Each structure stands twice: as structure tokens, then as C-alpha cells.
>>> print(open('upload00.cif').read())   # mmCIF, C-alpha atoms
data_data
loop_
_atom_site.group_PDB
_atom_site.id
_atom_site.type_symbol
_atom_site.label_atom_id
_atom_site.label_comp_id
_atom_site.auth_asym_id
_atom_site.auth_seq_id
_atom_site.Cartn_x
_atom_site.Cartn_y
_atom_site.Cartn_z
ATOM 1 C CA MET U 13 30.086 49.533 55.242
ATOM 2 C CA PHE U 14 32.923 51.237 57.145
ATOM 3 C CA LEU U 15 35.444 48.852 55.547
ATOM 4 C CA SER U 16 34.224 49.817 52.076
ATOM 5 C CA TYR U 17 34.548 53.533 52.838
ATOM 6 C CA PHE U 18 38.009 53.036 54.317
ATOM 7 C CA ALA U 19 39.169 51.036 51.263
ATOM 8 C CA ILE U 20 37.758 53.718 48.923
ATOM 9 C CA PHE U 21 39.660 56.442 50.775
ATOM 10 C CA ALA U 22 42.911 54.435 50.836
ATOM 11 C CA TYR U 23 42.761 53.553 47.122
ATOM 12 C CA LEU U 24 42.073 57.157 46.100
ATOM 13 C CA ALA U 25 44.768 58.543 48.415
ATOM 14 C CA ALA U 26 47.329 56.086 46.976
ATOM 15 C CA ALA U 27 46.332 57.036 43.423
ATOM 16 C CA LEU U 28 46.693 60.753 44.233
ATOM 17 C CA LEU U 29 50.187 60.202 45.662
ATOM 18 C CA LEU U 30 51.163 58.278 42.520
ATOM 19 C CA MET U 31 49.761 61.042 40.307
ATOM 20 C CA ARG U 32 51.707 63.624 42.280
ATOM 21 C CA PHE U 33 54.960 61.676 41.865
ATOM 22 C CA PHE U 34 54.533 61.060 38.126
ATOM 23 C CA SER U 35 53.560 64.675 37.439
ATOM 24 C CA LYS U 36 56.686 66.147 39.068
ATOM 25 C CA ASN U 37 60.364 65.980 38.165
ATOM 26 C CA GLU U 38 61.402 64.203 41.367
ATOM 27 C CA LEU U 39 63.584 61.178 40.692
ATOM 28 C CA ALA U 40 62.765 59.408 43.963
ATOM 29 C CA HIS U 41 59.228 58.773 45.188
ATOM 30 C CA PRO U 42 59.070 60.661 48.522
ATOM 31 C CA HIS U 43 55.847 58.899 49.558
ATOM 32 C CA GLN U 44 56.558 55.378 48.305
ATOM 33 C CA GLN U 45 56.198 53.724 51.719
ATOM 34 C CA THR U 46 53.006 55.659 52.463
ATOM 35 C CA THR U 47 51.567 54.649 49.077
ATOM 36 C CA SER U 48 52.423 50.979 49.679
ATOM 37 C CA LEU U 49 50.840 51.075 53.140
ATOM 38 C CA LEU U 50 47.670 52.709 51.808
ATOM 39 C CA ILE U 51 47.320 50.073 49.078
ATOM 40 C CA SER U 52 47.959 47.277 51.590
ATOM 41 C CA PHE U 53 45.309 48.646 53.958
ATOM 42 C CA ALA U 54 42.855 49.105 51.087
ATOM 43 C CA ILE U 55 43.332 45.526 49.868
ATOM 44 C CA ILE U 56 42.948 44.112 53.396
ATOM 45 C CA ALA U 57 39.826 46.198 54.073
ATOM 46 C CA GLN U 58 38.284 45.162 50.754
ATOM 47 C CA THR U 59 39.115 41.516 51.502
ATOM 48 C CA LEU U 60 37.120 41.746 54.726
ATOM 49 C CA THR U 61 34.058 42.939 52.788
ATOM 50 C CA PHE U 62 33.896 39.554 51.039
ATOM 51 C CA THR U 63 32.822 37.584 54.120
ATOM 52 C CA ASN U 64 29.185 37.538 52.974
ATOM 53 C CA PHE U 65 30.104 35.987 49.598
ATOM 54 C CA TRP U 66 30.655 32.477 50.881
ATOM 55 C CA THR U 67 28.269 29.838 52.155
ATOM 56 C CA THR U 68 28.650 26.096 52.679
ATOM 57 C CA GLU U 69 26.467 25.482 49.617
ATOM 58 C CA GLY U 70 28.083 27.878 47.173
ATOM 59 C CA VAL U 71 29.007 31.471 46.391
ATOM 60 C CA VAL U 72 26.768 34.553 46.175
ATOM 61 C CA PHE U 73 28.242 36.377 43.209
ATOM 62 C CA GLY U 74 26.059 39.160 41.854
ATOM 63 C CA LEU U 75 27.036 42.085 39.664
ATOM 64 C CA ALA U 76 28.324 44.335 42.480
ATOM 65 C CA ASN U 77 30.133 41.507 44.269
ATOM 66 C CA SER U 78 31.863 40.283 41.118
ATOM 67 C CA ALA U 79 32.889 43.817 40.069
ATOM 68 C CA SER U 80 34.410 44.406 43.500
ATOM 69 C CA PHE U 81 36.163 41.017 43.448
ATOM 70 C CA VAL U 82 37.676 41.596 39.997
ATOM 71 C CA ALA U 83 38.894 45.081 41.000
ATOM 72 C CA TRP U 84 40.365 43.652 44.225
ATOM 73 C CA LEU U 85 42.217 40.948 42.301
ATOM 74 C CA ILE U 86 43.565 43.477 39.779
ATOM 75 C CA ALA U 87 44.823 45.642 42.654
ATOM 76 C CA ILE U 88 46.567 42.646 44.257
ATOM 77 C CA LEU U 89 48.181 41.562 40.980
ATOM 78 C CA LEU U 90 49.423 45.092 40.324
ATOM 79 C CA PHE U 91 50.685 45.562 43.880
ATOM 80 C CA LEU U 92 52.640 42.277 43.764
ATOM 81 C CA SER U 93 53.923 42.909 40.236
ATOM 82 C CA SER U 94 55.175 46.366 41.201
ATOM 83 C CA ILE U 95 57.616 44.788 43.657
ATOM 84 C CA SER U 96 59.742 43.395 40.814
ATOM 85 C CA LYS U 97 58.479 45.186 37.681
ATOM 86 C CA PRO U 98 58.256 48.873 36.678
ATOM 87 C CA VAL U 99 54.458 48.981 36.622
ATOM 88 C CA HIS U 100 53.755 51.545 39.365
ATOM 89 C CA ALA U 101 52.195 53.990 36.899
ATOM 90 C CA LEU U 102 49.333 51.544 36.288
ATOM 91 C CA GLY U 103 48.117 52.377 39.802
ATOM 92 C CA ILE U 104 46.926 55.749 38.502
ATOM 93 C CA LEU U 105 44.307 53.813 36.506
ATOM 94 C CA VAL U 106 43.799 50.676 38.607
ATOM 95 C CA TYR U 107 43.328 52.042 42.129
ATOM 96 C CA PRO U 108 40.617 54.597 41.246
ATOM 97 C CA LEU U 109 38.798 51.803 39.373
ATOM 98 C CA ALA U 110 38.984 49.647 42.510
ATOM 99 C CA ALA U 111 37.487 52.538 44.491
ATOM 100 C CA LEU U 112 34.730 52.951 41.877
ATOM 101 C CA SER U 113 33.836 49.259 42.140
ATOM 102 C CA LEU U 114 33.360 49.708 45.900
ATOM 103 C CA ILE U 115 31.315 52.870 45.401
ATOM 104 C CA PHE U 116 29.095 50.961 42.964
ATOM 105 C CA GLY U 117 28.624 48.215 45.558
ATOM 106 C CA VAL U 118 27.650 50.753 48.239
ATOM 107 C CA LEU U 119 25.189 52.616 45.996
ATOM 108 C CA PHE U 120 23.762 49.600 44.135
ATOM 109 C CA PRO U 121 24.235 46.506 46.314
ATOM 110 C CA ASP U 122 23.270 43.060 45.064
ATOM 111 C CA THR U 123 19.733 42.057 45.932
ATOM 112 C CA SER U 124 19.762 38.571 44.437
ATOM 113 C CA ASP U 125 20.721 35.718 46.775
ATOM 114 C CA LYS U 126 21.173 33.186 43.964
ATOM 115 C CA LEU U 127 23.937 30.720 44.812
ATOM 116 C CA ILE U 128 26.608 29.541 42.411
ATOM 117 C CA ALA U 129 27.499 25.890 43.019
ATOM 118 C CA LEU U 130 31.104 25.236 44.028
ATOM 119 C CA ASN U 131 31.982 23.338 40.828
ATOM 120 C CA ILE U 132 30.697 26.223 38.692
ATOM 121 C CA ALA U 133 32.461 28.661 41.041
ATOM 122 C CA SER U 134 35.794 27.216 39.872
ATOM 123 C CA HIS U 135 34.866 28.283 36.323
ATOM 124 C CA VAL U 136 33.819 31.728 37.593
ATOM 125 C CA PHE U 137 37.054 32.299 39.520
ATOM 126 C CA LEU U 138 39.167 31.208 36.548
ATOM 127 C CA SER U 139 37.219 33.689 34.422
ATOM 128 C CA ILE U 140 37.730 36.461 36.954
ATOM 129 C CA THR U 141 41.468 35.843 37.218
ATOM 130 C CA ALA U 142 41.682 35.931 33.425
ATOM 131 C CA TYR U 143 39.694 39.202 33.362
ATOM 132 C CA ALA U 144 42.010 40.699 35.991
ATOM 133 C CA LEU U 145 45.162 39.909 34.021
ATOM 134 C CA LEU U 146 43.631 41.069 30.760
ATOM 135 C CA ALA U 147 42.456 44.254 32.502
ATOM 136 C CA LEU U 148 46.065 44.906 33.538
ATOM 137 C CA ALA U 149 47.084 44.366 29.918
ATOM 138 C CA VAL U 150 44.466 46.927 28.825
ATOM 139 C CA CYS U 151 45.690 49.476 31.390
ATOM 140 C CA GLN U 152 49.232 48.847 30.150
ATOM 141 C CA SER U 153 48.033 49.371 26.559
ATOM 142 C CA VAL U 154 46.488 52.732 27.538
ATOM 143 C CA LEU U 155 49.801 53.919 29.007
ATOM 144 C CA LEU U 156 51.683 52.536 26.001
ATOM 145 C CA LYS U 157 49.404 54.430 23.626
ATOM 146 C CA ILE U 158 49.941 57.679 25.561
ATOM 147 C CA GLN U 159 53.693 57.061 25.614
ATOM 148 C CA GLU U 160 53.864 56.372 21.860
ATOM 149 C CA ARG U 161 51.837 59.492 21.078
ATOM 150 C CA HIS U 162 54.096 61.749 23.159
ATOM 151 C CA LEU U 163 57.309 60.195 21.820
ATOM 152 C CA HIS U 164 56.190 60.618 18.204
ATOM 153 C CA ALA U 165 55.184 64.219 18.905
ATOM 154 C CA HIS U 166 58.480 64.810 20.787
ATOM 155 C CA THR U 167 56.592 66.172 23.799
ATOM 156 C CA ILE U 168 58.349 64.529 26.727
ATOM 157 C CA ASN U 169 56.984 65.552 30.121
ATOM 158 C CA ALA U 170 57.704 64.277 33.638
ATOM 159 C CA PHE U 171 55.124 61.496 33.362
ATOM 160 C CA ILE U 172 56.451 60.111 30.053
ATOM 161 C CA ASN U 173 60.026 60.468 31.264
ATOM 162 C CA LYS U 174 59.342 58.194 34.259
ATOM 163 C CA LEU U 175 57.735 55.399 32.253
ATOM 164 C CA PRO U 176 59.913 52.416 31.293
ATOM 165 C CA PRO U 177 61.319 52.273 27.725
ATOM 166 C CA LEU U 178 58.827 51.512 24.947
ATOM 167 C CA GLN U 179 60.119 47.958 24.420
ATOM 168 C CA THR U 180 59.788 47.197 28.148
ATOM 169 C CA MET U 181 56.227 48.548 28.131
ATOM 170 C CA GLU U 182 55.340 46.315 25.174
ATOM 171 C CA ARG U 183 56.923 43.280 26.835
ATOM 172 C CA LEU U 184 54.924 43.868 30.021
ATOM 173 C CA LEU U 185 51.744 44.244 27.957
ATOM 174 C CA PHE U 186 52.207 40.909 26.203
ATOM 175 C CA GLN U 187 53.217 39.105 29.409
ATOM 176 C CA SER U 188 49.875 39.981 31.027
ATOM 177 C CA LEU U 189 48.060 39.320 27.771
ATOM 178 C CA ARG U 190 49.582 35.869 27.318
ATOM 179 C CA ILE U 191 48.899 34.646 30.863
ATOM 180 C CA GLY U 192 45.389 36.139 30.785
ATOM 181 C CA PHE U 193 44.727 34.358 27.487
ATOM 182 C CA TYR U 194 45.820 30.992 28.920
ATOM 183 C CA LEU U 195 43.505 31.446 31.908
ATOM 184 C CA LEU U 196 40.653 32.549 29.641
ATOM 185 C CA THR U 197 41.151 29.344 27.650
ATOM 186 C CA LEU U 198 40.936 27.283 30.852
ATOM 187 C CA SER U 199 37.871 29.255 31.910
ATOM 188 C CA LEU U 200 36.026 28.521 28.664
ATOM 189 C CA ALA U 201 37.046 24.859 28.868
ATOM 190 C CA THR U 202 35.675 24.518 32.427
ATOM 191 C CA GLY U 203 32.511 26.331 31.309
ATOM 192 C CA PHE U 204 31.884 23.708 28.636
ATOM 193 C CA ILE U 205 32.523 20.943 31.196
ATOM 194 C CA PHE U 206 30.580 22.187 34.243
ATOM 195 C CA ILE U 207 27.774 24.349 32.849
ATOM 196 C CA GLU U 208 25.124 22.194 31.220
ATOM 197 C CA ASP U 209 23.255 25.122 29.636
ATOM 198 C CA PHE U 210 26.371 26.909 28.321
ATOM 199 C CA PHE U 211 24.481 27.612 25.083
ATOM 200 C CA ALA U 212 21.095 28.300 26.709
ATOM 201 C CA GLN U 213 19.145 31.329 25.527
ATOM 202 C CA GLN U 214 20.187 33.494 28.491
ATOM 203 C CA LEU U 215 23.874 32.604 28.089
ATOM 204 C CA ILE U 216 24.242 32.381 24.309
ATOM 205 C CA HIS U 217 25.293 36.030 23.965
ATOM 206 C CA LYS U 218 27.848 35.676 26.747
ATOM 207 C CA THR U 219 29.260 32.486 25.245
ATOM 208 C CA ALA U 220 29.412 33.874 21.696
ATOM 209 C CA LEU U 221 31.055 37.165 22.752
ATOM 210 C CA SER U 222 33.542 35.329 24.993
ATOM 211 C CA LEU U 223 34.548 33.108 22.078
ATOM 212 C CA ILE U 224 34.981 36.152 19.818
ATOM 213 C CA ALA U 225 37.210 37.786 22.460
ATOM 214 C CA TRP U 226 39.158 34.521 22.796
ATOM 215 C CA VAL U 227 39.805 34.474 19.021
ATOM 216 C CA ILE U 228 41.083 38.082 19.153
ATOM 217 C CA PHE U 229 43.455 37.338 22.048
ATOM 218 C CA ALA U 230 44.589 34.061 20.437
ATOM 219 C CA THR U 231 45.392 35.925 17.212
ATOM 220 C CA LEU U 232 47.364 38.532 19.187
ATOM 221 C CA VAL U 233 49.367 35.989 21.190
ATOM 222 C CA ILE U 234 50.178 33.858 18.124
ATOM 223 C CA GLY U 235 50.898 36.927 15.989
ATOM 224 C CA ARG U 236 53.300 38.262 18.609
ATOM 225 C CA LYS U 237 55.149 34.951 18.848
ATOM 226 C CA ILE U 238 55.386 34.215 15.111
ATOM 227 C CA PHE U 239 55.365 37.646 13.467
ATOM 228 C CA GLY U 240 56.511 39.872 16.332
ATOM 229 C CA TRP U 241 53.372 42.022 16.236
ATOM 230 C CA ARG U 242 53.543 45.289 18.148
ATOM 231 C CA GLY U 243 52.432 48.902 18.027
ATOM 232 C CA LYS U 244 49.042 50.500 17.451
ATOM 233 C CA GLN U 245 47.351 47.411 15.992
ATOM 234 C CA ALA U 246 48.243 45.281 19.016
ATOM 235 C CA ILE U 247 47.092 48.035 21.404
ATOM 236 C CA SER U 248 43.762 48.476 19.605
ATOM 237 C CA ALA U 249 43.141 44.713 19.369
ATOM 238 C CA THR U 250 43.830 44.296 23.110
ATOM 239 C CA GLN U 251 41.344 47.016 23.995
ATOM 240 C CA ILE U 252 38.673 45.742 21.582
ATOM 241 C CA GLY U 253 39.039 42.147 22.814
ATOM 242 C CA PHE U 254 38.704 43.214 26.435
ATOM 243 C CA ALA U 255 35.721 45.466 25.691
ATOM 244 C CA ILE U 256 33.938 42.484 24.108
ATOM 245 C CA LEU U 257 34.800 40.371 27.155
ATOM 246 C CA VAL U 258 33.407 43.006 29.550
ATOM 247 C CA ILE U 259 30.176 43.201 27.543
ATOM 248 C CA ALA U 260 29.984 39.389 27.513
ATOM 249 C CA TYR U 261 30.275 39.003 31.294
ATOM 250 C CA TYR U 262 29.051 42.211 32.903
ATOM 251 C CA GLY U 263 26.601 43.095 30.158
ATOM 252 C CA THR U 264 24.938 39.695 30.571
ATOM 253 C CA LYS U 265 24.915 39.977 34.373
ATOM 254 C CA PHE U 266 23.477 43.504 34.231
ATOM 255 C CA VAL U 267 20.651 42.474 31.911
ATOM 256 C CA ILE U 268 19.783 39.287 33.853
ATOM 257 C CA GLU U 269 20.178 40.666 37.394
ATOM 258 C CA ARG U 270 19.174 44.299 37.076
ATOM 259 C CA LEU U 271 16.870 44.599 34.057
ATOM 260 C CA LEU U 272 15.077 41.254 33.928
ATOM 261 C CA SER U 273 14.910 40.433 37.646
#
>>> encode(input="upload00.cif", output="C-alpha cells")
Amino acid sequence: MFLSYFAIFAYLAAALLLMRFFSKNELAHPHQQTTSLLISFAIIAQTLTFTNFWTTEGVVFGLANSASFVAWLIAILLFLSSISKPVHALGILVYPLAALSLIFGVLFPDTSDKLIALNIASHVFLSITAYALLALAVCQSVLLKIQERHLHAHTINAFINKLPPLQTMERLLFQSLRIGFYLLTLSLATGFIFIEDFFAQQLIHKTALSLIAWVIFATLVIGRKIFGWRGKQAISATQIGFAILVIAYYGTKFVIERLLS
């Protein structure tokens, strides 16, 4: 429990330092090292909370555990990406969400001890990695939408001024989107292979919604490559596709584990 509280504090402190930097006119980040250390400590502490996930027979992966794991993976991907790419501003969205996932786990811990077999776990982890990358794309789309709105209104503040150029923001969005789409494709493929009841009554909604989300992301990726799609339509489609994916996975888990159990 202490590790969860420590990680929550570190994530929120790092997010506050980032907000302070992006809201002021300072060119250099005076607390960059402190922010990096806080995020590192938070990720390590959250990693240590996962020791009860694993058994020799499979993985215990309930709603709270999976939410925490996805948030942890998003935080890692962002932290590593920020070393070489101008994506630091995403931390203002990502790190508080990671803290919220831990708070949810503390307040509403998993009570089910149902094990996921190791072969199905490979499908689950592929799905989660895809969700993490697509979540980063959604966070990027939120910042891009804010940036576009301010640029069109000619209201440039310190936050907008520190974001990368619009074209760079769009490129970063579609990089995460493309890789997330490839992993989502692999995830669905492994689901068809390993899960015998992929179209069972309890999973039919999850499967159908996941396929709808896959079609939306496929259309976006192909449209970007062939037609050079960009702008508001691409932002909205990214957010809608991810919302459907969240409902497919977490909506199904919430109903099965919390409402029907």
C-alpha cells in the first residue's frame, strides 16, 4: 500500500512541475532533473506493486490491476519517448491518469482471483500495449486540438508557445497511432487463435466493439498514408476509436467483474 501512495505522490508532483513550467515564460525547465527523478521513482514503485499479479499457473488480471498496468505502461512509453522526442507536455495528462489508476486500485481493489492462462496472457499483454500506444495518441490529439484552436484564434500563451510546431505534433500523433494499430491487429489475431469462446455471449460485445475500433484506426492509418489526412477529422476519429476500445475492454470487465460477480 505504501508503494501505491508513494507512486501517486510522485506522479502528481511531476505533473505539477510540468504544469508550472508550461504555464510560465521560462525557456529552460528549472526542475527537469527533479521531474525525471520523480517519474522514475513513481514507475519503479508502481512496478513493485505488480508482484501479486503473477503465479506459476497464470496471471491475475482484474479491472483494477489491468487499469494500473496500462497506466504504468503509458507512463513508461512517454518517459522513454520524451528522451528523444518533444512530448514532455503529454505528462500533464498522462501522469495524473497514472495516479488516478493507483487511487482506483487502492479504493476498489480486485476481489476476483480468476487466473488468465499464460497463452491467453500473451493476447492480453499485446492488447494492453496497443491500448497504451493508442492512449498516447489520444493524449497527443487532445493537445493538438488545443493547439489548433489557439492558433486559429491567434491567442498564443506560454503553453502553446512551448509546444512543438503543428506538423510535428501531427507526425507524433500518427506515429503512435500507426504502431498502436499494428499491435491492436496482432492482439485481435492472437485472440482469434487462443480464445476458443471469442464470440461467446459474454465476449461478443467486446469483440464487436474492438473490431469497430480496429476499422476506424485502419481507415485513419490508410487515409493518412494515401490521402494525407490530418486536422480535426483525424483528431475526432482517433478519440472516437479509442473511446470505443475503452468501452470494449474496460466496459466489459466492469460489467463482468463488478456488476455480475
>>> atom_distance(input="upload00.cif", atom1="atom CA of Leu28 of chain U", atom2="atom CA of Leu184 of chain U")
23.6 Å
>>> resolve_selection(input="upload00.cif", expression="the PyMOL selection byres ((chain U and resi 30) around 12)", output="number ranges by chain")
U: 23-29, 31-36, 38, 40-48, 50-51, 99-108, 171, 174
>>> resolve_selection(input="upload00.cif", expression="the PyMOL selection byres ((chain U and resi 142) around 9)", output="count of residues only")
18
>>> resolve_selection(input="upload00.cif", expression="the PyMOL selection byres ((chain U and resi 221) around 12)", output="MDAnalysis selection string")
chainID U and resid 200 211 215:220 222:228 252:264
>>> closest_residue(input="upload00.cif", among="U:Leu114, U:Leu189, U:Ala129, U:Ala230", to="Phe62 of chain U", atoms="only C-alpha atoms")
U:Leu114
>>> atom_distance(input="upload00.cif", atom1="atom CA of Asn131 of chain U", atom2="atom CA of Gln58 of chain U")
24.8 Å
>>> decode(input="upload00.cif", residues="segment 118-142 of chain U", atoms="N, CA, C and O atoms", output="PDB file, in the first residue's frame")
ATOM      1  N   VAL U 118      -6.485   1.347  -4.972  1.00  0.00           N
ATOM      2  CA  VAL U 118      -6.496   1.411  -3.504  1.00  0.00           C
ATOM      3  C   VAL U 118      -7.928   1.411  -2.976  1.00  0.00           C
ATOM      4  O   VAL U 118      -8.255   0.722  -2.002  1.00  0.00           O
ATOM      5  N   LEU U 119      -8.802   2.194  -3.620  1.00  0.00           N
ATOM      6  CA  LEU U 119     -10.182   2.329  -3.144  1.00  0.00           C
ATOM      7  C   LEU U 119     -11.060   1.134  -3.521  1.00  0.00           C
ATOM      8  O   LEU U 119     -11.935   0.728  -2.753  1.00  0.00           O
ATOM      9  N   PHE U 120     -10.811   0.584  -4.721  1.00  0.00           N
ATOM     10  CA  PHE U 120     -11.655  -0.519  -5.221  1.00  0.00           C
ATOM     11  C   PHE U 120     -10.775  -1.669  -5.718  1.00  0.00           C
ATOM     12  O   PHE U 120     -10.696  -1.927  -6.922  1.00  0.00           O
ATOM     13  N   PRO U 121     -10.083  -2.337  -4.810  1.00  0.00           N
ATOM     14  CA  PRO U 121      -9.171  -3.414  -5.229  1.00  0.00           C
ATOM     15  C   PRO U 121      -9.925  -4.586  -5.837  1.00  0.00           C
ATOM     16  O   PRO U 121     -11.114  -4.789  -5.569  1.00  0.00           O
ATOM     17  N   ASP U 122      -9.216  -5.355  -6.659  1.00  0.00           N
ATOM     18  CA  ASP U 122      -9.813  -6.544  -7.269  1.00  0.00           C
ATOM     19  C   ASP U 122     -10.104  -7.586  -6.199  1.00  0.00           C
ATOM     20  O   ASP U 122      -9.294  -7.821  -5.301  1.00  0.00           O
ATOM     21  N   THR U 123     -11.260  -8.196  -6.305  1.00  0.00           N
ATOM     22  CA  THR U 123     -11.629  -9.257  -5.369  1.00  0.00           C
ATOM     23  C   THR U 123     -11.629 -10.621  -6.034  1.00  0.00           C
ATOM     24  O   THR U 123     -11.568 -11.641  -5.365  1.00  0.00           O
ATOM     25  N   SER U 124     -11.688 -10.629  -7.357  1.00  0.00           N
ATOM     26  CA  SER U 124     -11.681 -11.900  -8.090  1.00  0.00           C
ATOM     27  C   SER U 124     -10.263 -12.445  -8.176  1.00  0.00           C
ATOM     28  O   SER U 124      -9.307 -11.703  -8.386  1.00  0.00           O
ATOM     29  N   ASP U 125     -10.110 -13.765  -7.985  1.00  0.00           N
ATOM     30  CA  ASP U 125      -8.799 -14.393  -8.104  1.00  0.00           C
ATOM     31  C   ASP U 125      -8.736 -15.286  -9.352  1.00  0.00           C
ATOM     32  O   ASP U 125      -7.961 -16.234  -9.423  1.00  0.00           O
ATOM     33  N   LYS U 126      -9.565 -14.955 -10.349  1.00  0.00           N
ATOM     34  CA  LYS U 126      -9.601 -15.735 -11.578  1.00  0.00           C
ATOM     35  C   LYS U 126      -8.281 -15.594 -12.325  1.00  0.00           C
ATOM     36  O   LYS U 126      -7.782 -14.490 -12.536  1.00  0.00           O
ATOM     37  N   LEU U 127      -7.707 -16.724 -12.711  1.00  0.00           N
ATOM     38  CA  LEU U 127      -6.418 -16.723 -13.403  1.00  0.00           C
ATOM     39  C   LEU U 127      -6.609 -16.689 -14.909  1.00  0.00           C
ATOM     40  O   LEU U 127      -7.521 -17.310 -15.455  1.00  0.00           O
ATOM     41  N   ILE U 128      -5.725 -15.947 -15.565  1.00  0.00           N
ATOM     42  CA  ILE U 128      -5.662 -15.953 -17.025  1.00  0.00           C
ATOM     43  C   ILE U 128      -4.503 -16.852 -17.419  1.00  0.00           C
ATOM     44  O   ILE U 128      -3.363 -16.635 -16.980  1.00  0.00           O
ATOM     45  N   ALA U 129      -4.772 -17.859 -18.237  1.00  0.00           N
ATOM     46  CA  ALA U 129      -3.717 -18.786 -18.665  1.00  0.00           C
ATOM     47  C   ALA U 129      -2.630 -18.026 -19.419  1.00  0.00           C
ATOM     48  O   ALA U 129      -2.881 -16.984 -20.034  1.00  0.00           O
ATOM     49  N   LEU U 130      -1.399 -18.570 -19.384  1.00  0.00           N
ATOM     50  CA  LEU U 130      -0.261 -17.864 -19.949  1.00  0.00           C
ATOM     51  C   LEU U 130      -0.394 -17.634 -21.445  1.00  0.00           C
ATOM     52  O   LEU U 130       0.053 -16.614 -21.973  1.00  0.00           O
ATOM     53  N   ASN U 131      -1.008 -18.595 -22.185  1.00  0.00           N
ATOM     54  CA  ASN U 131      -1.151 -18.379 -23.630  1.00  0.00           C
ATOM     55  C   ASN U 131      -2.141 -17.249 -23.923  1.00  0.00           C
ATOM     56  O   ASN U 131      -1.928 -16.444 -24.836  1.00  0.00           O
ATOM     57  N   ILE U 132      -3.205 -17.163 -23.120  1.00  0.00           N
ATOM     58  CA  ILE U 132      -4.155 -16.056 -23.293  1.00  0.00           C
ATOM     59  C   ILE U 132      -3.540 -14.751 -22.787  1.00  0.00           C
ATOM     60  O   ILE U 132      -3.844 -13.672 -23.306  1.00  0.00           O
ATOM     61  N   ALA U 133      -2.654 -14.843 -21.799  1.00  0.00           N
ATOM     62  CA  ALA U 133      -1.984 -13.649 -21.277  1.00  0.00           C
ATOM     63  C   ALA U 133      -1.200 -12.936 -22.362  1.00  0.00           C
ATOM     64  O   ALA U 133      -1.101 -11.700 -22.365  1.00  0.00           O
ATOM     65  N   SER U 134      -0.635 -13.695 -23.320  1.00  0.00           N
ATOM     66  CA  SER U 134       0.100 -13.060 -24.418  1.00  0.00           C
ATOM     67  C   SER U 134      -0.836 -12.168 -25.236  1.00  0.00           C
ATOM     68  O   SER U 134      -0.454 -11.066 -25.656  1.00  0.00           O
ATOM     69  N   HIS U 135      -2.070 -12.631 -25.439  1.00  0.00           N
ATOM     70  CA  HIS U 135      -3.077 -11.817 -26.138  1.00  0.00           C
ATOM     71  C   HIS U 135      -3.406 -10.572 -25.315  1.00  0.00           C
ATOM     72  O   HIS U 135      -3.503  -9.459 -25.857  1.00  0.00           O
ATOM     73  N   VAL U 136      -3.556 -10.757 -23.993  1.00  0.00           N
ATOM     74  CA  VAL U 136      -3.907  -9.640 -23.113  1.00  0.00           C
ATOM     75  C   VAL U 136      -2.805  -8.582 -23.115  1.00  0.00           C
ATOM     76  O   VAL U 136      -3.078  -7.377 -23.223  1.00  0.00           O
ATOM     77  N   PHE U 137      -1.548  -9.004 -23.015  1.00  0.00           N
ATOM     78  CA  PHE U 137      -0.452  -8.044 -22.974  1.00  0.00           C
ATOM     79  C   PHE U 137      -0.266  -7.328 -24.301  1.00  0.00           C
ATOM     80  O   PHE U 137       0.102  -6.142 -24.338  1.00  0.00           O
ATOM     81  N   LEU U 138      -0.510  -8.010 -25.410  1.00  0.00           N
ATOM     82  CA  LEU U 138      -0.487  -7.337 -26.714  1.00  0.00           C
ATOM     83  C   LEU U 138      -1.574  -6.268 -26.762  1.00  0.00           C
ATOM     84  O   LEU U 138      -1.342  -5.149 -27.239  1.00  0.00           O
ATOM     85  N   SER U 139      -2.758  -6.624 -26.265  1.00  0.00           N
ATOM     86  CA  SER U 139      -3.874  -5.674 -26.233  1.00  0.00           C
ATOM     87  C   SER U 139      -3.512  -4.449 -25.402  1.00  0.00           C
ATOM     88  O   SER U 139      -3.745  -3.309 -25.808  1.00  0.00           O
ATOM     89  N   ILE U 140      -2.919  -4.696 -24.239  1.00  0.00           N
ATOM     90  CA  ILE U 140      -2.596  -3.612 -23.322  1.00  0.00           C
ATOM     91  C   ILE U 140      -1.529  -2.686 -23.908  1.00  0.00           C
ATOM     92  O   ILE U 140      -1.617  -1.463 -23.780  1.00  0.00           O
ATOM     93  N   THR U 141      -0.540  -3.262 -24.574  1.00  0.00           N
ATOM     94  CA  THR U 141       0.482  -2.435 -25.212  1.00  0.00           C
ATOM     95  C   THR U 141      -0.136  -1.586 -26.318  1.00  0.00           C
ATOM     96  O   THR U 141       0.207  -0.405 -26.483  1.00  0.00           O
ATOM     97  N   ALA U 142      -1.052  -2.194 -27.076  1.00  0.00           N
ATOM     98  CA  ALA U 142      -1.763  -1.438 -28.112  1.00  0.00           C
ATOM     99  C   ALA U 142      -2.570  -0.304 -27.488  1.00  0.00           C
ATOM    100  O   ALA U 142      -2.543   0.838 -27.966  1.00  0.00           O
TER     101      ALA U 142
END
